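Peer 1: Next comes model_8.csv, CSV, C-alpha atoms:
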```
chain,number,residue,atom,x,y,z
L,5,MET,CA,111.6,50.8,79.0
L,6,LYS,CA,109.7,48.3,76.9
L,7,THR,CA,106.9,46.1,77.9
L,8,ILE,CA,109.0,43.0,77.4
L,9,ASP,CA,111.5,44.4,79.9
L,10,LEU,CA,108.7,44.7,82.5
L,11,LEU,CA,107.5,41.2,81.7
L,12,ASP,CA,111.0,39.8,82.0
L,13,ALA,CA,111.5,41.5,85.4
L,14,ALA,CA,108.1,40.2,86.7
L,15,THR,CA,108.9,36.7,85.5
L,16,ALA,CA,112.3,36.8,87.2
L,17,ARG,CA,110.7,37.9,90.4
L,18,ARG,CA,108.1,35.1,90.3
L,19,GLU,CA,110.8,32.5,89.6
L,20,ALA,CA,112.8,33.8,92.6
L,21,GLU,CA,109.7,33.6,94.8
L,22,THR,CA,109.0,30.0,93.5
L,23,ARG,CA,112.6,29.0,94.3
L,24,GLU,CA,112.3,30.4,97.8
L,25,LEU,CA,109.1,28.6,98.4
L,26,VAL,CA,110.6,25.3,97.2
L,27,ALA,CA,113.6,25.8,99.4
L,28,ARG,CA,111.5,26.4,102.4
L,29,ALA,CA,109.4,23.3,101.7
L,30,ASP,CA,112.5,21.2,101.3
L,31,ALA,CA,113.9,22.6,104.6
L,32,HIS,CA,110.6,21.7,106.4
L,33,ALA,CA,110.5,18.2,104.9
L,34,THR,CA,114.2,17.7,105.9
L,35,ALA,CA,113.5,18.8,109.5
L,36,LEU,CA,110.6,16.5,109.7
L,37,ARG,CA,112.6,13.5,108.4
L,38,LEU,CA,115.4,14.3,110.8
L,39,ALA,CA,113.1,14.5,113.8
L,40,VAL,CA,111.5,11.2,112.9
L,41,LYS,CA,114.9,9.5,112.4
L,42,ALA,CA,116.0,10.9,115.8
L,43,GLY,CA,113.0,9.2,117.4
L,44,LYS,CA,111.2,12.4,118.2
L,45,ALA,CA,107.5,13.2,117.5
L,46,PRO,CA,107.0,14.8,114.1
L,47,GLU,CA,105.4,17.8,115.8
L,48,THR,CA,108.8,18.7,117.2
L,49,ALA,CA,109.9,19.7,113.7
L,50,VAL,CA,107.3,22.4,113.4
L,51,PRO,CA,108.8,25.8,114.3
```
As structure tokens - that is how I would like this structure written.
Peer 2:
Amino acid sequence: MKTIDLLDAATARREAETRELVARADAHATALRLAVKAGKAPETAVP
């Protein structure tokens, strides 16, 4: 196994982690907007 292979794997893992964090942030923002549009307090969107 070459160093470049390890670097590629580490980069792929970091990219996947970043995509997951972005997806979670988007989900939280969407839940907040939905709660506000439904007339609920923003705090109700917090799990």
Peer 1: What does the distance from atom CA of Pro51 of chain L to atom CA of Ala31 of chain L come to in Å, to one decimal?
Peer 2: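 Atom CA of Ala31 of chain L lies 11.4 Å from atom CA of Pro51 of chain L.
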Peer 1: Kindly give the distance, in Å, that separates atom CA of Ala33 of chain L and atom CA of Pro46 of chain L, rounded to a single decimal.
Peer 2: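 Calculated distance between atom CA of Ala33 of chain L and atom CA of Pro46 of chain L is 10.4 Å.
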Peer 1: Mind pulling up the distance from atom CA of Val50 of chain L to atom CA of Asp30 of chain L?
Peer 2: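 Atom CA of Asp30 of chain L sits 13.2 Å away from atom CA of Val50 of chain L.
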